Structure formats: C-alpha cells, structure tokens
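Pasted below: query15.cif, mmCIF, C-alpha atoms and all ligand atoms.
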```
data_target
#
loop_
_atom_site.label_atom_id
_atom_site.label_comp_id
_atom_site.auth_asym_id
_atom_site.auth_seq_id
_atom_site.Cartn_x
_atom_site.Cartn_y
_atom_site.Cartn_z
CA MET C 22 -9.87 -5.91 -7.15
CA ILE C 23 -7.56 -7.81 -4.78
CA GLN C 24 -8.37 -10.91 -2.78
CA CYS C 25 -5.59 -12.47 -0.69
CA GLU C 26 -6.37 -15.44 1.48
CA GLY C 27 -3.85 -17.29 3.59
CA LEU C 28 -1.04 -15.92 1.45
CA VAL C 29 2.36 -17.40 2.27
CA LYS C 30 5.77 -16.41 0.95
CA ILE C 31 8.86 -18.26 2.00
CA TYR C 32 12.27 -17.09 0.84
CA LYS C 33 14.81 -19.88 0.76
CA THR C 34 18.48 -19.03 0.88
CA ALA C 35 21.37 -21.50 1.09
CA ASP C 36 20.89 -22.44 4.75
CA LEU C 37 17.91 -20.38 5.83
CA GLU C 38 14.16 -20.06 5.27
CA VAL C 39 12.47 -16.74 5.89
CA VAL C 40 8.68 -16.77 6.14
CA ALA C 41 7.96 -13.25 4.91
CA LEU C 42 4.18 -13.71 4.65
CA GLN C 43 2.49 -16.07 7.09
CA GLY C 44 -1.05 -16.59 5.84
CA LEU C 45 -2.02 -13.04 5.04
CA ASP C 46 -5.66 -12.11 4.40
CA MET C 47 -6.59 -8.86 2.69
CA LYS C 48 -9.30 -7.55 0.39
CA VAL C 49 -9.17 -4.39 -1.70
CA GLU C 50 -12.29 -3.16 -3.48
CA ASP C 51 -12.34 -1.84 -7.03
CA GLY C 52 -11.53 1.87 -7.07
CA GLU C 53 -10.16 1.96 -3.53
CA LEU C 54 -7.27 4.17 -2.45
CA MET C 55 -5.68 2.48 0.54
CA ALA C 56 -2.40 2.20 2.40
CA ILE C 57 -0.44 -0.67 3.91
CA ILE C 58 1.71 0.13 6.92
CA GLY C 59 3.95 -1.97 9.12
CA ASN C 60 7.38 -2.02 10.69
CA SER C 61 10.50 -2.74 8.74
CA GLY C 62 10.62 -6.44 7.84
CA SER C 63 6.88 -7.00 8.38
CA GLY C 64 6.39 -8.09 4.76
CA LYS C 65 5.02 -4.98 3.04
CA SER C 66 7.35 -5.02 0.04
CA THR C 67 6.99 -8.79 -0.26
CA LEU C 68 3.21 -8.37 -0.51
CA LEU C 69 3.57 -5.58 -3.08
CA ASN C 70 5.91 -7.74 -5.16
CA MET C 71 3.33 -10.54 -5.14
CA LEU C 72 0.55 -8.13 -6.13
CA GLY C 73 2.71 -6.77 -8.93
CA GLY C 74 3.59 -10.18 -10.30
CA LEU C 75 7.30 -9.58 -9.61
CA ASP C 76 7.54 -12.65 -7.43
CA LYS C 77 5.38 -15.73 -6.87
CA PRO C 78 3.61 -16.61 -3.63
CA SER C 79 4.57 -19.95 -2.05
CA ALA C 80 0.99 -20.85 -1.08
CA GLY C 81 -2.47 -19.43 -0.46
CA LYS C 82 -4.85 -17.60 -2.73
CA LEU C 83 -4.20 -14.39 -4.63
CA LEU C 84 -6.72 -13.00 -7.09
CA VAL C 85 -6.14 -9.63 -8.74
CA ASP C 86 -8.75 -8.25 -11.13
CA GLY C 87 -10.21 -11.76 -11.32
CA LYS C 88 -6.88 -13.35 -12.27
CA ASP C 89 -5.42 -16.15 -10.17
CA LEU C 90 -1.75 -15.26 -9.80
CA LEU C 91 -0.78 -18.62 -8.32
CA THR C 92 -1.56 -20.41 -11.55
CA PHE C 93 0.33 -17.94 -13.74
CA GLY C 94 3.08 -19.08 -16.06
CA GLU C 95 5.83 -16.75 -17.37
CA LYS C 96 3.74 -15.54 -20.32
CA ASP C 97 0.74 -14.74 -18.13
CA LEU C 98 2.99 -12.78 -15.79
CA VAL C 99 4.45 -10.69 -18.60
CA LYS C 100 0.94 -9.90 -19.88
CA TYR C 101 -0.30 -9.14 -16.37
CA LYS C 102 2.58 -6.74 -15.68
CA ARG C 103 2.03 -5.04 -19.04
CA ASP C 104 -1.75 -4.71 -18.91
CA THR C 105 -2.99 -4.72 -15.33
CA VAL C 106 -0.50 -3.07 -12.97
CA GLY C 107 1.56 0.10 -12.80
CA PHE C 108 4.36 0.71 -10.30
CA VAL C 109 5.69 3.76 -8.52
CA TRP C 110 8.76 3.30 -6.34
CA GLN C 111 10.46 5.67 -3.92
CA ASN C 112 13.46 6.20 -6.16
CA ASN C 113 11.64 6.00 -9.45
CA ALA C 114 13.06 9.31 -10.54
CA ARG C 115 16.51 7.71 -10.49
CA ASN C 116 15.49 5.59 -13.46
CA LEU C 117 14.58 8.66 -15.48
CA ILE C 118 17.01 10.28 -17.88
CA PRO C 119 18.10 13.76 -16.79
CA TYR C 120 18.98 15.18 -20.21
CA LEU C 121 15.70 14.14 -21.86
CA THR C 122 12.52 16.21 -21.58
CA ALA C 123 9.59 15.14 -19.44
CA ARG C 124 7.73 14.04 -22.60
CA GLU C 125 10.69 12.04 -23.92
CA ASN C 126 11.06 10.33 -20.56
CA VAL C 127 7.42 9.21 -20.76
CA GLU C 128 7.64 8.29 -24.46
CA LEU C 129 10.74 6.12 -24.17
CA PRO C 130 9.26 3.31 -22.04
CA MET C 131 6.04 3.54 -24.08
CA LEU C 132 8.05 2.89 -27.24
CA LEU C 133 9.93 0.03 -25.61
CA ARG C 134 6.67 -1.52 -24.43
CA GLY C 135 4.89 -0.87 -27.70
CA ASN C 136 2.06 1.12 -26.08
CA ARG C 137 0.47 2.19 -29.33
CA GLY C 138 -2.99 3.68 -29.63
CA ARG C 139 -3.14 4.55 -25.94
CA ALA C 140 -2.95 7.92 -24.17
CA SER C 141 -0.13 10.11 -25.51
CA ALA C 142 2.80 11.17 -23.33
CA SER C 143 1.47 14.75 -23.34
CA GLU C 144 -1.97 13.62 -22.17
CA LEU C 145 -0.38 11.58 -19.39
CA LEU C 146 1.73 14.54 -18.28
CA GLU C 147 -1.41 16.72 -18.33
CA ALA C 148 -3.15 14.14 -16.14
CA VAL C 149 -0.41 14.39 -13.49
CA GLY C 150 -0.49 18.19 -13.57
CA LEU C 151 2.69 18.69 -15.58
CA GLY C 152 1.13 20.06 -18.79
CA HIS C 153 3.25 23.19 -18.46
CA ARG C 154 6.53 21.28 -18.06
CA ILE C 155 6.31 18.88 -21.01
CA THR C 156 9.35 20.27 -22.84
CA ASN C 157 11.50 20.85 -19.76
CA ARG C 158 14.46 18.55 -19.28
CA LEU C 159 14.15 16.30 -16.29
CA SER C 160 17.12 18.00 -14.63
CA GLU C 161 15.07 21.21 -14.64
CA LEU C 162 12.25 19.66 -12.61
CA SER C 163 11.87 19.48 -8.82
CA GLY C 164 11.87 16.16 -6.93
CA GLY C 165 8.07 16.17 -6.72
CA GLU C 166 7.72 16.97 -10.42
CA GLN C 167 10.13 14.15 -11.28
CA GLN C 168 8.03 11.79 -9.18
CA ARG C 169 4.98 12.94 -11.15
CA VAL C 170 6.78 12.07 -14.40
CA ALA C 171 7.36 8.61 -12.90
CA ILE C 172 3.63 8.38 -12.09
CA ALA C 173 2.77 9.39 -15.68
CA ILE C 174 4.97 6.51 -16.89
CA ALA C 175 3.24 4.10 -14.51
CA LEU C 176 -0.11 5.17 -15.99
CA ALA C 177 1.01 4.73 -19.62
CA ASN C 178 -0.35 1.21 -19.95
CA GLU C 179 -3.68 2.33 -18.42
CA PRO C 180 -3.38 -0.11 -15.51
CA ARG C 181 -6.39 -1.01 -13.36
CA LEU C 182 -4.15 -1.15 -10.31
CA LEU C 183 -1.38 1.23 -9.26
CA LEU C 184 1.11 -0.05 -6.68
CA ALA C 185 3.27 2.49 -4.89
CA ASP C 186 6.14 1.53 -2.56
CA GLU C 187 7.12 4.46 -0.31
CA PRO C 188 6.26 6.87 -3.16
CA THR C 189 6.94 9.93 -1.04
CA GLY C 190 9.89 8.50 0.90
CA SER C 191 12.45 10.90 -0.51
CA LEU C 192 10.21 13.98 -0.68
CA ASP C 193 9.62 16.78 1.84
CA THR C 194 6.22 17.09 3.53
CA ASN C 195 4.82 19.67 1.11
CA THR C 196 5.84 17.78 -1.98
CA SER C 197 4.66 14.45 -0.61
CA ASN C 198 1.26 16.04 0.10
CA GLN C 199 1.10 17.09 -3.53
CA VAL C 200 1.93 13.58 -4.72
CA LEU C 201 -0.74 12.16 -2.44
CA ASP C 202 -3.25 14.72 -3.71
CA LEU C 203 -2.40 13.55 -7.21
CA PHE C 204 -3.10 9.93 -6.22
CA ARG C 205 -6.43 11.03 -4.80
CA THR C 206 -7.31 12.94 -7.98
CA LEU C 207 -6.35 10.04 -10.25
CA ASN C 208 -8.31 7.66 -8.06
CA ARG C 209 -11.39 9.89 -8.29
CA THR C 210 -11.15 10.84 -11.96
CA ILE C 211 -10.07 7.61 -13.64
CA GLY C 212 -11.23 5.23 -10.92
CA ILE C 213 -7.86 3.47 -10.69
CA THR C 214 -7.35 1.29 -7.59
CA ILE C 215 -4.27 2.47 -5.66
CA VAL C 216 -2.32 0.58 -2.99
CA ILE C 217 0.38 2.58 -1.21
CA VAL C 218 2.98 0.96 1.01
CA THR C 219 4.42 3.41 3.51
CA HIS C 220 6.23 3.81 6.81
CA ASP C 221 4.70 7.23 7.16
CA PRO C 222 1.67 7.27 9.51
CA LEU C 223 0.84 10.84 8.42
CA LEU C 224 0.56 9.78 4.80
CA ALA C 225 -1.49 6.75 5.81
CA ARG C 226 -3.91 9.00 7.72
CA LYS C 227 -4.86 10.68 4.47
CA VAL C 228 -6.42 7.63 2.90
CA ASP C 229 -9.73 6.10 3.91
CA ARG C 230 -8.45 2.66 4.88
CA VAL C 231 -5.13 1.52 6.27
CA VAL C 232 -4.18 -2.12 6.67
CA GLN C 233 -1.44 -2.85 9.16
CA ILE C 234 0.86 -5.82 8.69
CA ARG C 235 2.73 -7.44 11.54
CA ASP C 236 5.01 -10.46 11.08
CA GLY C 237 3.64 -11.22 7.63
CA LYS C 238 -0.05 -11.10 8.64
CA THR C 239 -2.69 -8.40 8.68
CA SER C 240 -3.03 -7.37 12.29
CA ALA C 241 -5.30 -4.33 12.19
CA GLU C 242 -7.35 -2.09 9.95
CA MET C 243 -7.89 1.61 10.42
CA ILE C 244 -11.02 2.97 8.79
CA ARG C 245 -11.69 6.67 8.45
CA ARG C 246 -14.54 8.03 10.56
CA VAL C 247 -15.54 10.72 8.07
CA SER C 248 -14.45 11.18 4.45
CA TYR C 249 -11.24 13.11 3.80
CA ALA C 250 -13.29 15.89 2.17
CA GLU C 251 -15.48 16.14 5.29
CA GLU C 252 -12.38 16.19 7.49
CA LEU C 253 -10.91 19.06 5.47
CA ALA C 254 -14.22 20.90 5.71
CA LEU C 255 -14.16 20.44 9.49
CA LEU C 256 -10.62 21.78 9.61
CA ASP C 257 -11.65 24.74 7.44
CA ALA C 258 -14.50 25.50 9.76
CA GLU C 259 -11.94 25.36 12.62
CA ASN C 260 -14.21 22.81 14.11
CA VAL C 261 -11.33 20.51 14.97
CA ARG C 262 -12.34 17.69 17.25
CA HIS C 263 -9.54 17.67 19.77
CA GLY C 264 -8.39 14.31 20.98
CA THR C 265 -10.40 12.47 18.34
CA GLU C 266 -8.49 10.29 15.95
CA SER C 267 -9.39 10.46 12.27
CA HIS C 268 -9.55 6.66 11.96
CA ILE C 269 -11.15 3.90 14.01
CA GLU C 270 -8.79 0.97 14.62
CA TYR C 271 -10.08 -2.58 14.16
CA ALA C 272 -8.12 -5.71 15.05
CA VAL C 273 -8.37 -8.36 12.36
CA VAL C 274 -9.91 -11.72 13.26
CA ASP C 275 -9.02 -14.52 10.86
CA LYS C 276 -11.24 -17.43 9.83
CA ALA C 277 -10.00 -19.56 12.71
CA GLY C 278 -10.87 -16.78 15.18
CA ARG C 279 -7.24 -15.74 15.73
CA LEU C 280 -6.67 -12.13 16.61
CA GLN C 281 -3.56 -10.00 17.11
CA ILE C 282 -3.83 -7.70 20.09
CA PRO C 283 -2.63 -4.21 19.03
CA ALA C 284 1.00 -3.48 19.88
CA GLY C 285 1.41 -1.89 23.26
CA TYR C 286 -1.84 -3.21 24.79
CA LEU C 287 -0.12 -6.16 26.40
CA ASP C 288 2.62 -4.05 27.98
CA LEU C 289 0.30 -3.43 30.92
CA GLY C 290 1.10 -5.15 34.19
CA GLY C 291 -0.63 -8.50 34.54
CA PHE C 292 -0.50 -9.24 30.82
CA LYS C 293 3.21 -8.68 30.43
CA ASP C 294 4.87 -11.93 31.39
CA SER C 295 2.09 -14.30 30.47
CA ASN C 296 1.18 -16.20 27.33
CA LYS C 297 -2.48 -16.44 28.41
CA VAL C 298 -5.37 -14.05 28.84
CA ARG C 299 -8.70 -14.78 30.47
CA VAL C 300 -11.55 -14.36 28.00
CA GLU C 301 -15.10 -13.60 29.11
CA MET C 302 -18.33 -12.57 27.48
CA GLU C 303 -20.01 -9.65 29.18
CA ASP C 304 -23.07 -7.76 27.90
CA GLY C 305 -22.34 -8.75 24.31
CA ARG C 306 -18.67 -7.81 24.64
CA ILE C 307 -15.62 -10.05 24.64
CA ILE C 308 -13.34 -8.94 27.47
CA LEU C 309 -9.71 -9.94 27.99
CA TYR C 310 -8.35 -9.96 31.54
CA PRO C 311 -4.84 -10.70 32.77
CA PRO C 312 -4.84 -14.36 33.88
CA GLU C 313 -4.57 -13.47 37.57
CA ALA C 314 -7.17 -10.69 37.58
CA ARG C 315 -10.20 -11.11 39.83
CA LYS C 316 -13.48 -10.60 38.13
CA THR C 317 -14.96 -7.26 39.18
CA GLY C 318 -18.65 -6.47 39.61
N1 LIG W 1 14.69 -11.94 -1.54
C1 LIG W 1 14.67 -12.24 -0.24
N2 LIG W 1 15.37 -13.29 0.23
C2 LIG W 1 15.35 -13.63 1.55
N3 LIG W 1 14.64 -12.96 2.47
C3 LIG W 1 13.91 -11.88 2.07
C4 LIG W 1 13.90 -11.46 0.69
N4 LIG W 1 13.09 -10.37 0.59
C5 LIG W 1 12.63 -10.13 1.84
N5 LIG W 1 13.12 -11.02 2.72
C6 LIG W 1 12.81 -11.10 4.17
O1 LIG W 1 11.40 -11.15 4.31
C7 LIG W 1 10.96 -10.35 5.41
C8 LIG W 1 9.98 -9.30 4.93
O2 LIG W 1 10.67 -8.35 4.12
P1 LIG W 1 9.98 -7.12 3.37
O3 LIG W 1 11.02 -6.46 2.54
O4 LIG W 1 8.74 -7.57 2.70
O5 LIG W 1 9.59 -6.18 4.61
P2 LIG W 1 9.08 -4.68 4.59
O6 LIG W 1 7.93 -4.64 5.54
O7 LIG W 1 8.84 -4.21 3.21
O8 LIG W 1 10.32 -3.92 5.21
P3 LIG W 1 10.87 -2.45 4.92
O9 LIG W 1 9.82 -1.51 5.45
O10 LIG W 1 12.14 -2.39 5.70
O11 LIG W 1 11.06 -2.33 3.43
C9 LIG W 1 12.22 -9.79 6.04
O12 LIG W 1 12.60 -10.63 7.11
C10 LIG W 1 13.24 -9.85 4.92
O13 LIG W 1 14.55 -9.98 5.45
#
```

Step by step, read the file and then write its structure as structure tokens.
Amino acid sequence: MIQCEGLVKIYKTADLEVVALQGLDMKVEDGELMAIIGNSGSGKSTLLNMLGGLDKPSAGKLLVDGKDLLTFGEKDLVKYKRDTVGFVWQNNARNLIPYLTARENVELPMLLRGNRGRASASELLEAVGLGHRITNRLSELSGGEQQRVAIAIALANEPRLLLADEPTGSLDTNTSNQVLDLFRTLNRTIGITIVIVTHDPLLARKVDRVVQIRDGKTSAEMIRRVSYAEELALLDAENVRHGTESHIEYAVVDKAGRLQIPAGYLDLGGFKDSNKVRVEMEDGRIILYPPEARKTG
C-alpha cells in the first residue's frame, strides 16, 4: 500500500532550513494495521502529511496505492485526498458541531464532498459502534463516542488508507482502548490499511508492527512475537510470560548498509565518548565492540 524510499522533506523558512525527513525508507502492506512512534520532532507528523497528500515531499520516492505522489499536480492531490485517504486527528472532535446530531455531523461533510451513492451516515455510525446514538446531539456524547463520529466521517469516502495522528491523545486509557479496538475491527472487517502515529508506547504495543523514527529516518522496527489474539488468549489463560516483551526489536539497515544503534545502547562505558566502534564477524554474527576493547576468547 505504501512504499517510501529515501524520502526527504525540507522546510524552508526565511533564514532557516529544517530537514524533517532525511531519506526515510518504509513499506506498509495492504491491509496492515501499524503504528509509527518517535520522539517529538522526529518527523512523524511530517511523514503523515506526505502520506495524506497534505504536503509534498522534497525528494525521494513515495508510492501510495500504486500512485506516485511526487508527480502529483493540484488536481491529482484533490482526487487522491477525496478517494484514497481518510484522516483522524487527535482533536478531530473539535471540528464537529455540538448542537447537531451524530448523523447530521457525518452527513454534513458528505454533502459538502458530494459523497453520493456511498455508505449512508447511519451505516457508517453502525460500523463504528454508534448505531444506538445516531440521533443524539454531539454534546450528549462522551469523548470516545465523539472520536468515533470523527472516524465515521473519515470512512465516508471509503478510503483504502486511514491515517491517524495521535487519535487517542486526548482520551483516557479505557476510551483509547475502545478506539483502538475499533481500528482493529475496521481493519479486519473492511480490510482498510491503518497507519497510526503515536507517542504512546502502550498503544503501539497493541498493533503487530511498529516503526520507530529517529531524526527523520526509520531507526527500528518492532514486530509482534505472537498475534494480538494469541497474546490475549495467553493473558486469559493467566499464562503470562514474565519478562518477555510482546515485540521483537529490529534495527533497520538501509541500502547502503547504514544502521542506527538503538537509543541507550551506546551509553555504556567504552562506547560513550567515541565516534567509532570495532566491527567483527563471529560465528555468523556481526559484533560491535568499543574501539579500545580487547578481543576476548
Ligand atoms: N511547516 C514547518 N515549517 C518548518 N519546520 C517544520 C514545519 N513542520 C515541521 N517542522 C520541523 O520538522 C521537524 C519534524 O517535525 P514533525 O512535526 O514532523 O515531528 P513529530 O515527530 O510529529 O513531532 P511531535 O511528536 O512533537 O508532533 C521538527 O524539527 C519541526 O520543527
């Protein structure tokens, strides 16, 4: 669904250039539900804006659903945003109208966009589990329910890709779990590809694959050891594997063989004040030693 290669985004202001993405590589398969994590300023929102066609990359390759976003003109972008992607933002609910009902809130943008002949507002609200709240005014709904109305709106154009930027950022743990469960259900039932940007490692742990961005590049990937359903079954059976992480962490190696060592690993003595590591092959493994370390064995 998504293929990014060497993606670069440079923001130019009057006297400053900020390189927000520095040759980012990432692939997302059709029908995947995955998360992007990274510290503040690492480039997550920039990447999401590129994927959503809200901003143009400066260089590199970006294919979404077979479309080459770097060659897009204004018209292509409008069509792409209308037909291919849906967005959910943290404060989406703020854009909803409190004195209208849930159904009217979904219908209004559909009317403005001319979404005729597609799923009705009631069907969309059913799909997000709000069938019983269709005629309630927005002001009568909880924060999580309002976020579900926003998700129903994002689904109105039947997008192939749903992009969510901190979708649970303003919700409590229980409600954010419900929103994530909804993403999982939609992903399973309608096969929509979902990319969630989050600061929240707990939320990220609930998806099968997490891509970590550092300084505008992918630095690591965490892949779930067992499926979420299997993990829940293990928890149910009280067969919790203490001390075992749910995901395996992989460092990303780019085409030129460059690798980012996971944060914290180089804080060890010996590595700390050096810009070199000694690299050796041993029994089919690549081992990094501090430059001064004596080879053991
Ligand atoms: N429109 C812009 N003009 C100039 N610089 C920008 C612009 N948007 C983002 N940046 C810069 O690009 C870098 C990446 O920003 P981005 O918002 O993508 O990070 P982020 O990982 O989403 O951060 P956060 O988690 O805080 O939202 C930052 O240094 C930011 O200051």

Task: Protein and nucleic residues near ligand LIG 1 (chain W), 10 Å, only C-alpha atoms and all ligand atoms, as a ChimeraX atom specification - done: /C:30-35,37-42,57-71,76,186-187,218-220,234-237

Write a file of the just-selected residues containing C-alpha atoms, as a PDB file, keeping the file's coordinate frame.
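What landed in selection37.pdb:
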```pdb
ATOM      1  CA  LYS C  30       5.770 -16.410   0.950  1.00  0.00           C
ATOM      2  CA  ILE C  31       8.860 -18.260   2.000  1.00  0.00           C
ATOM      3  CA  TYR C  32      12.270 -17.090   0.840  1.00  0.00           C
ATOM      4  CA  LYS C  33      14.810 -19.880   0.760  1.00  0.00           C
ATOM      5  CA  THR C  34      18.480 -19.030   0.880  1.00  0.00           C
ATOM      6  CA  ALA C  35      21.370 -21.500   1.090  1.00  0.00           C
ATOM      7  CA  LEU C  37      17.910 -20.380   5.830  1.00  0.00           C
ATOM      8  CA  GLU C  38      14.160 -20.060   5.270  1.00  0.00           C
ATOM      9  CA  VAL C  39      12.470 -16.740   5.890  1.00  0.00           C
ATOM     10  CA  VAL C  40       8.680 -16.770   6.140  1.00  0.00           C
ATOM     11  CA  ALA C  41       7.960 -13.250   4.910  1.00  0.00           C
ATOM     12  CA  LEU C  42       4.180 -13.710   4.650  1.00  0.00           C
ATOM     13  CA  ILE C  57      -0.440  -0.670   3.910  1.00  0.00           C
ATOM     14  CA  ILE C  58       1.710   0.130   6.920  1.00  0.00           C
ATOM     15  CA  GLY C  59       3.950  -1.970   9.120  1.00  0.00           C
ATOM     16  CA  ASN C  60       7.380  -2.020  10.690  1.00  0.00           C
ATOM     17  CA  SER C  61      10.500  -2.740   8.740  1.00  0.00           C
ATOM     18  CA  GLY C  62      10.620  -6.440   7.840  1.00  0.00           C
ATOM     19  CA  SER C  63       6.880  -7.000   8.380  1.00  0.00           C
ATOM     20  CA  GLY C  64       6.390  -8.090   4.760  1.00  0.00           C
ATOM     21  CA  LYS C  65       5.020  -4.980   3.040  1.00  0.00           C
ATOM     22  CA  SER C  66       7.350  -5.020   0.040  1.00  0.00           C
ATOM     23  CA  THR C  67       6.990  -8.790  -0.260  1.00  0.00           C
ATOM     24  CA  LEU C  68       3.210  -8.370  -0.510  1.00  0.00           C
ATOM     25  CA  LEU C  69       3.570  -5.580  -3.080  1.00  0.00           C
ATOM     26  CA  ASN C  70       5.910  -7.740  -5.160  1.00  0.00           C
ATOM     27  CA  MET C  71       3.330 -10.540  -5.140  1.00  0.00           C
ATOM     28  CA  ASP C  76       7.540 -12.650  -7.430  1.00  0.00           C
ATOM     29  CA  ASP C 186       6.140   1.530  -2.560  1.00  0.00           C
ATOM     30  CA  GLU C 187       7.120   4.460  -0.310  1.00  0.00           C
ATOM     31  CA  VAL C 218       2.980   0.960   1.010  1.00  0.00           C
ATOM     32  CA  THR C 219       4.420   3.410   3.510  1.00  0.00           C
ATOM     33  CA  HIS C 220       6.230   3.810   6.810  1.00  0.00           C
ATOM     34  CA  ILE C 234       0.860  -5.820   8.690  1.00  0.00           C
ATOM     35  CA  ARG C 235       2.730  -7.440  11.540  1.00  0.00           C
ATOM     36  CA  ASP C 236       5.010 -10.460  11.080  1.00  0.00           C
ATOM     37  CA  GLY C 237       3.640 -11.220   7.630  1.00  0.00           C
TER      38      GLY C 237
END
```

TODO: Could you check which of C:Leu151, C:Leu289, C:Val99, C:Val232 is closest to Pro311 (chain C), using all atoms listed in the file?
DONE: C:Leu289

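Using all atoms listed in the file for every distance, the candidate list C:Asn208, C:Leu184, C:Pro130, C:Pro283 yields C:Pro130 as the residue closest to Asn116 (chain C).
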
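Nearest-residue note for Gly87 (chain C): choosing from C:Cys25, C:Leu54, C:Ala175, C:Ala148, the minimum distance belongs to C:Cys25, counting all atoms listed in the file.
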
Task: Which residue of C:Asp275, C:Glu270, C:Asp193, C:Asp294 approaches Arg230 (chain C) most closely, using all atoms listed in the file - done: C:Glu270

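With only C-alpha atoms as the atoms that count, the minimum distance from Val273 (chain C) to the choices C:Thr239, C:Met55, C:Met302, C:Ile308 is reached by C:Thr239.
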
Task: Residue with smallest distance to Phe292 (chain C) - pool C:Arg209, C:Leu309, C:Leu280, C:Leu201, counting only C-alpha atoms - done: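 Ranking C:Arg209, C:Leu309, C:Leu280, C:Leu201 by distance to Phe292 (chain C), first place goes to C:Leu309.
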